[in-house]
Every structure is written in C-alpha cells, then in structure tokens.
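A short write-up of the structure that comes next.
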Amino acid sequence: MSDPESAVAATRGGDLGLRPVPGQLTFDAPRRGKPPRHLADLDVAERKSAVESLGHKGFRATQLSTHYFERMTVDPEEMTDLPKAVRGDLVEALLPTLLRPVRTLVADQGATHKTVWRLHDGALVESVLMRYPRRVTICISSQAGCGMNCPFCATGQAGLTRNMSTAEIVEQVVAANRWLRTQSLALPAPDADGDDEAELGDESDIEDGAAAPQSRSTTGSGGPGRVSNVVFMGMGEALANYKAAIGAIRRLTDPAPAGLGMSARGLTMSTVGLVPGIDRLTQEGIPVTLALSLHAPDDTLRDELVPINTRWKVGEALDAAHRYYEATGRRVSIEYALIRDINDQAWRADLLGDLLNARGRGWVHVNPIPLNPTPGSKWTASRRGVEQQFVERLRAHGIPTTVRDTRGSDIDGACGQLAAVSS
Ligand code: SAH
C-alpha cells in the first residue's frame with residue numbers, strides 16, 4: 001500500500017467495497033496489519049519490561065518517556081542522557097514513526113490547521129488544530145473512517161477502514177505540541193463574530209472558564225504553546241474502539257513523564273450514543289467531558305440521521321448521558337447539527353428541552369452546529385433565523401445553549417467534513 005492513490009481509494013472505501021449501504025452499522029474493524037508497537041501504547045510498567053526485554057536497564061523507560069512526552073523528541077541525537085550505543089536501538093523499538101504528514105491545510109488566518117496523516121499501512125486520517133487566544137484545541141481521529149454511517153457526515157459515508165492504536169491517537173497531540181513549539185508567536189485573530197459561539201473544547205459557558213490549567217500558560221504573546229484541549233471529534237467513533245481510546249485518554253492525562261499530564265477537564269469524548277460504551281466510560285472515573293451527538297429528539301428522525309439509534313433509542317442514550325453526569329459531575333454536551341427543514345423545527349427544540357429537563361436541571365448544555373455541507377449531500381444548514389429560534393426555544397426551557405463555531409469549513413476541516421482525501 002505504498003501507492004498514494006490506492007491508499008486514498010482504500011480509505012475512502014469505494015474500491016474495496018467498504019462503502020456502507022444506508023443504515024448499515026459496522027462495529028468490527030477490518031483486520032489489517034497492526035501498527036508497530038510504540039511507547040505510548042504502553043503503561044509505565046509495560047514500558048519498563050519492554051525496555052528490559054530488549055536488554056536495557058529499566059530506568060531507560062523513564063528517560064525515553066521524558067523524551068517523548070515532555071521534550072517531544074524522537075531524535076536519538078537529542079537524547080544525550082542515554083548512552084549513544086543504546087539510543088538507536090530503543091528509538092527503533094519503541095518510538096517508531098506512526099504518522100507521516102501528507103499535507104496541511106490552513107484556514108482562519110493561520111489559526112486553524114488541518115493535517116492529513118498517512119498511517120503505516122497507507123490508511124489516511126486527519127486532525128484539526130485550532131488556536132484561540134487562550135487555548136489550543138485539537139480535534140483528533142480515533143479510527144480511519146467510521147462504521148456509524150451517519151448520512152450527513154463525510155467520514156461516515158466512507159465506511160470503516162480500521163481502528164487506530166492508542167499511540168496513533170496520542171501521536172496526533174504530541175505532533176501538534178511539537179509543531180506549536182516551533183511556531184513563532186503570532187496570535188490568531190480573535191473570532192470575527194460570534195459572541196454567541198462556542199469554541200470547540202470550550203467550557204467557559206458552563207464551567208468556571210478554566211478549560212484546563214495549562215491552557216493559561218502562554219508563551220509570550222503567542223497564546224498557549226501546547227495543546228490544552230482535545231476533542232475526539234475527528235474521524236471515527238472512539239467508543240467503538242474503546243480500548244485504544246481509553247488508553248489514549250490515560251496517556252493524555254497521566255502526569256509527565258508517564259503521559260502528557262493534561263487535565264481530564266480539557267478532554268471531550270464525543271459519541272453517537274453507544275450506551276454500553278458510555279457506561280464503561282462512566283466506570284473509568286476519569287472526568288472527561290462527554291458529548292452526545294443527538295441531532296434529533298424523536299426516534300423516527302434519529303433512526304435515519306444517526307443509525308445507531310436503531311440499537312439504542314434517544315431515551316436510552318440520554319439516560320446513559322445522565323448517568324455519566326451523575327457519576328462524574330461533568331456537564332454533558334448535546335451535539336445537534338441543524339439541518340434545514342429536517343430537524344430544526346421549533347417543536348423539536350421544545351421536545352428536546354422537555355426530554356433534557358425531565359432528567360434534571362443543570363446537567364447538560366446543548367451545542368447546535370450549523371450543518372457543514374459534505375460532497376453530494378442533499379442537506380444544508382438551517383436558515384440563520386431558524387437557528388436563532390431553535391436556540392431561543394431551548395434557552396426558554398432553561399437549557400444553556402451555544403452555537404458551535406465552524407472553524408475550518410473552507411478546508412473541509414469542520415465537523416463532519418473529514419474524509420482524508422489527500423489531494
Ligand atoms: N463519532 C463521534 C465523533 C464524530 S464528529 C460522534 O458522532 O460524536 C463530531 C461531531 O460532528 C458529531 O456530533 C457529529 O455528529 C458532527 N457532525 C458530523 N457531520 C457533520 C456535519 N456535516 N455538519 C456538522 N456536524 C457534523
């Protein structure tokens with residue numbers, strides 16, 4: 001799979017027959033060669049035994065971890081605390097290159113960067129880095145493609161190529177940190193409009209404004225020099241790749257040098273509503289923010305827009321989200337792509353408000369997202385006035401509601417537009 005064109009075809013599904021028929025759900029990822037083992041796949045004890053089984057002293061694992069997670073380097077030349085003779089060996093065995101940039105697209109006056117990555121087997125994924133004055137959010141992928149088949153989402157239309165490994169997920173964040181460090185310090189322009197708009201990963205409307213402690217640390221005038229917020233809103237349904245996704249959450253939150261030491265409050269796990277996955281996440285005791293992609297308050301419409309609804313209904317998904325709130329104290333986000341004349345009626349806003357309030361007060365907020373157009377889609381975003389009315393209806397029910405910004409839409413980098421086409 002070294003030919004770039006065939007890699008694109010494979011990822012997009014068409015040539016391999018992966019493109020799903022409407023409503024079809026794919027849970028089992030096609031089997032492909034496993035990505036090489038990487039330090040970030042392993043917890044601290046596993047790293048130590050991996051290093052020892054290579055014939056090196058156990059403490060070398062901590063040194064390697066410091067290089068990767070703190071210094072963000074995989075260059076043997078820079079690992080001067082390691083004997084020259086062992087550096088190459090350890091790097092080759094535990095820090096293989098997992099992601100190769102295919103290309104980067106820039107939007108929003110340089111504040112938004114979308115990178116297309118090629119994985120070891122040619123599969124393509126994307127991540128989107130969004131710089132704001134006081135935080136840096138990255139939207140990462142957890143699968144190459146997606147098996148959930150939501151008809152308004154470009155990724156869903158391409159089918160599932162394969163699950164990503166923990167280290168492949170984590171490396172998207174480490175690579176962003178590496179790049180941010182090299183950046184000269186031009187601040188992105190403040191949001192042009194939208195005092196009503198929520199930034200991705202932004203919690204300021206629902207919390208005390210501190211999305212993550214390190215988001216406050218700025219480098220000169222350039223905004224945060226590292227990623228403060230991570231949203232699992234790129235390609236894939238992370239809860240369908242549960243083990244790798246939870247491993248990534250642990251690596252992101254483990255204190256350095258075991259991991260990146262990020263605040264769980266800066267992480268958002270987004271799901272179509274895999275109820276057993278939500279319940280499992282509830283048990284983990286890591287207070288990430290949960291986002292539920294609802295998109296319709298009634299089962300008839302949601303069966304069509306979010307096919308997983310044929311397994312777990314609106315009420316079951318909301319109950320699981322509420323259990324998550326009760327266990328973690330983290331306010332849940334409800335994602336709602338506003339699609340013109342499909343799900344944007346006032347009665348649906350009222351029904352949504354009633355369903356949320358029936359489960360309690362103060363446990364949830366709603367993020368309407370103007371639909372981002374995808375190729376060939378028959379749907380488009382709601383009219384501005386209709387969107388406004390939808391928001392006001394929800395607020396009238398006492399539900400905090402903020403319209404999501406649409407960073408990156410002109411580079412196909414906004415929600416639902418990630419299709420990993422490399423040219
Ligand atoms: N599988 C996860 C992450 C997917 S993308 C999930 O479904 O939650 C993150 C969000 O973007 C989801 O809420 C998804 O429904 C939404 N989305 C997908 N396509 C979109 C589009 N064309 N316009 C706006 N939002 C979209």
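Please note that chains go A, B, ... in the order of the structure tokens, that every chain numbers its residues from 1, and that ligands are numbered from 1 in the order shown.
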
Kindly assemble as a tab-separated table a list of the range 77-180 of chain A residues that lie within 7 Å of range 306-310 of chain A, each paired with its nearest atom pair and their distance in Å to one decimal, using only C-alpha atoms, sorted first by chain and then by ascending residue number.
residue	atom	partner	partner_atom	distance
A:Met148	CA	A:Ile308	CA	6.7
A:Asn149	CA	A:Pro307	CA	6.7
A:Cys150	CA	A:Val306	CA	5.1

Write a file of the selected residues as an mmCIF file, in the first residue's frame, keeping C-alpha atoms.
data_model
loop_
_atom_site.group_PDB
_atom_site.id
_atom_site.type_symbol
_atom_site.label_atom_id
_atom_site.label_comp_id
_atom_site.auth_asym_id
_atom_site.auth_seq_id
_atom_site.Cartn_x
_atom_site.Cartn_y
_atom_site.Cartn_z
ATOM 1 C CA MET A 148 -21.528 4.527 12.256
ATOM 2 C CA ASN A 149 -22.769 5.671 8.856
ATOM 3 C CA CYS A 150 -24.471 8.951 9.761
#

Would you list, as an NGL selection string, the residues of range 169-374 of chain A that end up in strand (DSSP E) under DSSP run on this structure's backbone? :A and (197-198 or 229-232 or 267-271 or 289-293 or 332-338 or 364-370)

Resulting file, chosen residues, N, CA and C atoms, as a PDB file, in the first residue's frame:
ATOM      1  N   GLU A 197     -21.021  32.140  20.001  1.00  0.00           N
ATOM      2  CA  GLU A 197     -20.484  30.880  19.509  1.00  0.00           C
ATOM      3  C   GLU A 197     -19.519  30.253  20.497  1.00  0.00           C
ATOM      4  N   ALA A 198     -19.597  28.958  20.586  1.00  0.00           N
ATOM      5  CA  ALA A 198     -18.682  28.230  21.460  1.00  0.00           C
ATOM      6  C   ALA A 198     -17.502  27.742  20.652  1.00  0.00           C
ATOM      7  N   ASN A 229      -6.705  21.501  24.941  1.00  0.00           N
ATOM      8  CA  ASN A 229      -7.965  20.778  24.845  1.00  0.00           C
ATOM      9  C   ASN A 229      -7.933  19.770  23.703  1.00  0.00           C
ATOM     10  N   VAL A 230      -8.455  18.606  23.974  1.00  0.00           N
ATOM     11  CA  VAL A 230      -8.512  17.560  22.951  1.00  0.00           C
ATOM     12  C   VAL A 230      -9.948  17.113  22.810  1.00  0.00           C
ATOM     13  N   VAL A 231     -10.455  17.140  21.595  1.00  0.00           N
ATOM     14  CA  VAL A 231     -11.811  16.632  21.369  1.00  0.00           C
ATOM     15  C   VAL A 231     -11.738  15.425  20.431  1.00  0.00           C
ATOM     16  N   PHE A 232     -12.388  14.351  20.837  1.00  0.00           N
ATOM     17  CA  PHE A 232     -12.456  13.145  19.988  1.00  0.00           C
ATOM     18  C   PHE A 232     -13.588  13.351  18.991  1.00  0.00           C
ATOM     19  N   LEU A 267     -10.514  17.412  28.045  1.00  0.00           N
ATOM     20  CA  LEU A 267     -10.760  16.385  27.027  1.00  0.00           C
ATOM     21  C   LEU A 267     -12.255  16.180  26.829  1.00  0.00           C
ATOM     22  N   THR A 268     -12.661  15.996  25.590  1.00  0.00           N
ATOM     23  CA  THR A 268     -14.069  15.716  25.296  1.00  0.00           C
ATOM     24  C   THR A 268     -14.192  14.462  24.449  1.00  0.00           C
ATOM     25  N   MET A 269     -14.963  13.518  24.972  1.00  0.00           N
ATOM     26  CA  MET A 269     -15.245  12.284  24.237  1.00  0.00           C
ATOM     27  C   MET A 269     -16.612  12.431  23.581  1.00  0.00           C
ATOM     28  N   SER A 270     -16.637  12.333  22.265  1.00  0.00           N
ATOM     29  CA  SER A 270     -17.886  12.504  21.536  1.00  0.00           C
ATOM     30  C   SER A 270     -18.366  11.155  21.009  1.00  0.00           C
ATOM     31  N   THR A 271     -19.664  10.905  21.131  1.00  0.00           N
ATOM     32  CA  THR A 271     -20.183   9.603  20.709  1.00  0.00           C
ATOM     33  C   THR A 271     -21.555   9.721  20.063  1.00  0.00           C
ATOM     34  N   THR A 289     -15.126  15.374  29.511  1.00  0.00           N
ATOM     35  CA  THR A 289     -16.463  15.809  29.129  1.00  0.00           C
ATOM     36  C   THR A 289     -17.033  14.819  28.125  1.00  0.00           C
ATOM     37  N   LEU A 290     -18.295  14.479  28.302  1.00  0.00           N
ATOM     38  CA  LEU A 290     -18.970  13.596  27.351  1.00  0.00           C
ATOM     39  C   LEU A 290     -19.833  14.449  26.418  1.00  0.00           C
ATOM     40  N   ALA A 291     -19.713  14.210  25.134  1.00  0.00           N
ATOM     41  CA  ALA A 291     -20.587  14.868  24.157  1.00  0.00           C
ATOM     42  C   ALA A 291     -21.419  13.790  23.470  1.00  0.00           C
ATOM     43  N   LEU A 292     -22.702  13.986  23.455  1.00  0.00           N
ATOM     44  CA  LEU A 292     -23.603  13.026  22.805  1.00  0.00           C
ATOM     45  C   LEU A 292     -24.145  13.661  21.529  1.00  0.00           C
ATOM     46  N   SER A 293     -23.894  12.991  20.405  1.00  0.00           N
ATOM     47  CA  SER A 293     -24.363  13.503  19.118  1.00  0.00           C
ATOM     48  C   SER A 293     -25.809  13.078  18.938  1.00  0.00           C
ATOM     49  N   VAL A 332     -22.795  17.367  30.601  1.00  0.00           N
ATOM     50  CA  VAL A 332     -22.768  16.696  29.300  1.00  0.00           C
ATOM     51  C   VAL A 332     -23.117  17.705  28.200  1.00  0.00           C
ATOM     52  N   SER A 333     -22.483  17.528  27.054  1.00  0.00           N
ATOM     53  CA  SER A 333     -22.793  18.339  25.870  1.00  0.00           C
ATOM     54  C   SER A 333     -23.697  17.544  24.941  1.00  0.00           C
ATOM     55  N   ILE A 334     -24.744  18.167  24.456  1.00  0.00           N
ATOM     56  CA  ILE A 334     -25.569  17.528  23.429  1.00  0.00           C
ATOM     57  C   ILE A 334     -25.244  18.206  22.098  1.00  0.00           C
ATOM     58  N   GLU A 335     -24.763  17.430  21.151  1.00  0.00           N
ATOM     59  CA  GLU A 335     -24.439  17.976  19.828  1.00  0.00           C
ATOM     60  C   GLU A 335     -25.683  17.870  18.950  1.00  0.00           C
ATOM     61  N   TYR A 336     -25.939  18.928  18.208  1.00  0.00           N
ATOM     62  CA  TYR A 336     -27.156  18.940  17.392  1.00  0.00           C
ATOM     63  C   TYR A 336     -26.857  19.701  16.108  1.00  0.00           C
ATOM     64  N   ALA A 337     -26.538  18.968  15.045  1.00  0.00           N
ATOM     65  CA  ALA A 337     -26.282  19.611  13.748  1.00  0.00           C
ATOM     66  C   ALA A 337     -27.626  20.093  13.208  1.00  0.00           C
ATOM     67  N   LEU A 338     -27.721  21.378  12.971  1.00  0.00           N
ATOM     68  CA  LEU A 338     -29.009  21.924  12.493  1.00  0.00           C
ATOM     69  C   LEU A 338     -29.099  21.803  10.978  1.00  0.00           C
ATOM     70  N   VAL A 364     -26.706  19.502  31.706  1.00  0.00           N
ATOM     71  CA  VAL A 364     -26.482  19.363  30.277  1.00  0.00           C
ATOM     72  C   VAL A 364     -26.457  20.734  29.613  1.00  0.00           C
ATOM     73  N   HIS A 365     -25.745  20.846  28.547  1.00  0.00           N
ATOM     74  CA  HIS A 365     -25.929  22.015  27.696  1.00  0.00           C
ATOM     75  C   HIS A 365     -25.967  21.555  26.248  1.00  0.00           C
ATOM     76  N   VAL A 366     -26.521  22.393  25.397  1.00  0.00           N
ATOM     77  CA  VAL A 366     -26.716  21.996  24.004  1.00  0.00           C
ATOM     78  C   VAL A 366     -25.816  22.835  23.103  1.00  0.00           C
ATOM     79  N   ASN A 367     -25.168  22.164  22.185  1.00  0.00           N
ATOM     80  CA  ASN A 367     -24.315  22.769  21.172  1.00  0.00           C
ATOM     81  C   ASN A 367     -24.929  22.575  19.797  1.00  0.00           C
ATOM     82  N   PRO A 368     -25.782  23.480  19.340  1.00  0.00           N
ATOM     83  CA  PRO A 368     -26.202  23.360  17.941  1.00  0.00           C
ATOM     84  C   PRO A 368     -25.010  23.674  17.027  1.00  0.00           C
ATOM     85  N   ILE A 369     -24.907  22.927  15.938  1.00  0.00           N
ATOM     86  CA  ILE A 369     -23.827  23.116  14.962  1.00  0.00           C
ATOM     87  C   ILE A 369     -24.488  23.346  13.607  1.00  0.00           C
ATOM     88  N   PRO A 370     -24.271  24.494  12.977  1.00  0.00           N
ATOM     89  CA  PRO A 370     -24.831  24.633  11.628  1.00  0.00           C
ATOM     90  C   PRO A 370     -24.253  23.513  10.758  1.00  0.00           C
TER      91      PRO A 370
END

Hey, what's within 10 Å of Ala50 in chain A if we count only C-alpha atoms and toss same-chain stuff fewer than 3 positions away? As a list in words, please? Leu39, Leu42, Val44, Ala45, Glu46, Arg47, Ser53, Leu54, Gly55, His56, Gly58, Ala61, Leu90, Ala93 and Leu94 of chain A

Fewer than 6 positions away in the same chain doesn't count, so skip those; otherwise give me all residues within 10 Å of range 172-175 of chain A, counting only C-alpha atoms, as a ChimeraX atom specification. /A:68-73,98-99,101,115,117,125-129,137-142,181,226-230,252,260

Expected file contents, prior selection, N, CA and C atoms, as a compact mmCIF listing (two decimals), in the first residue's frame:
# COMPACT_ATOMS: atom_id res chain seq x y z
N TYR A 68 9.87 11.61 24.95
CA TYR A 68 8.69 11.62 24.08
C TYR A 68 7.60 12.57 24.61
N PHE A 69 7.24 12.42 25.86
CA PHE A 69 6.08 13.17 26.37
C PHE A 69 6.43 14.58 26.84
N GLU A 70 7.66 14.79 27.31
CA GLU A 70 7.99 16.14 27.81
C GLU A 70 8.78 16.93 26.79
N ARG A 71 9.82 16.31 26.25
CA ARG A 71 10.63 17.06 25.28
C ARG A 71 10.09 16.90 23.87
N MET A 72 9.21 15.96 23.70
CA MET A 72 8.54 15.71 22.42
C MET A 72 9.53 15.43 21.30
N THR A 73 10.59 14.76 21.65
CA THR A 73 11.57 14.40 20.62
C THR A 73 11.67 12.88 20.45
N LEU A 98 4.80 6.76 13.42
CA LEU A 98 3.45 6.20 13.19
C LEU A 98 2.65 7.01 12.20
N LEU A 99 2.85 8.33 12.21
CA LEU A 99 2.08 9.21 11.34
C LEU A 99 3.03 9.99 10.45
N PRO A 101 2.98 13.13 7.75
CA PRO A 101 2.09 14.16 7.20
C PRO A 101 2.00 14.04 5.69
N THR A 115 -4.36 18.65 9.24
CA THR A 115 -3.30 17.80 8.71
C THR A 115 -3.87 16.45 8.30
N TRP A 117 -2.84 12.70 7.66
CA TRP A 117 -1.73 11.82 8.04
C TRP A 117 -1.84 10.49 7.34
N VAL A 125 -5.79 9.49 7.92
CA VAL A 125 -6.66 10.11 8.93
C VAL A 125 -6.34 11.60 8.97
N GLU A 126 -7.19 12.34 9.68
CA GLU A 126 -6.98 13.78 9.75
C GLU A 126 -7.09 14.27 11.19
N SER A 127 -6.36 15.34 11.48
CA SER A 127 -6.57 16.04 12.74
C SER A 127 -6.63 17.53 12.44
N VAL A 128 -7.34 18.26 13.28
CA VAL A 128 -7.52 19.69 13.05
C VAL A 128 -7.12 20.44 14.32
N LEU A 129 -6.17 21.35 14.15
CA LEU A 129 -5.65 22.13 15.27
C LEU A 129 -6.25 23.53 15.20
N THR A 137 -7.04 23.92 20.84
CA THR A 137 -7.84 22.70 20.80
C THR A 137 -7.44 21.88 19.59
N ILE A 138 -7.31 20.58 19.81
CA ILE A 138 -7.09 19.71 18.66
C ILE A 138 -8.24 18.71 18.58
N CYS A 139 -8.71 18.55 17.36
CA CYS A 139 -9.76 17.58 17.07
C CYS A 139 -9.06 16.37 16.46
N ILE A 140 -9.12 15.24 17.14
CA ILE A 140 -8.33 14.08 16.71
C ILE A 140 -9.21 12.94 16.22
N SER A 141 -8.60 12.07 15.43
CA SER A 141 -9.27 10.89 14.91
C SER A 141 -8.95 9.68 15.79
N SER A 142 -9.90 8.77 15.87
CA SER A 142 -9.69 7.54 16.65
C SER A 142 -9.82 6.30 15.78
N ARG A 181 5.48 24.28 19.39
CA ARG A 181 6.73 24.75 19.99
C ARG A 181 7.61 25.47 18.97
N ARG A 226 1.18 24.88 23.86
CA ARG A 226 0.86 23.47 23.69
C ARG A 226 -0.65 23.27 23.73
N VAL A 227 -1.04 22.11 23.30
CA VAL A 227 -2.46 21.80 23.22
C VAL A 227 -3.06 21.79 24.63
N SER A 228 -4.16 22.50 24.82
CA SER A 228 -4.82 22.49 26.13
C SER A 228 -6.09 21.65 26.11
N ASN A 229 -6.71 21.50 24.94
CA ASN A 229 -7.97 20.78 24.85
C ASN A 229 -7.93 19.77 23.70
N VAL A 230 -8.46 18.61 23.97
CA VAL A 230 -8.51 17.56 22.95
C VAL A 230 -9.95 17.11 22.81
N LEU A 252 -2.91 10.82 27.74
CA LEU A 252 -3.02 12.28 27.70
C LEU A 252 -3.07 12.86 29.10
N LEU A 260 1.12 13.00 29.03
CA LEU A 260 1.22 14.43 28.75
C LEU A 260 0.77 15.30 29.91

Using DSSP secondary structure from the backbone, list all helix (DSSP H, G or I) positions within range 73-154 of chain A, as an NGL selection string. :A and (76-78 or 84-94 or 108-110 or 154)
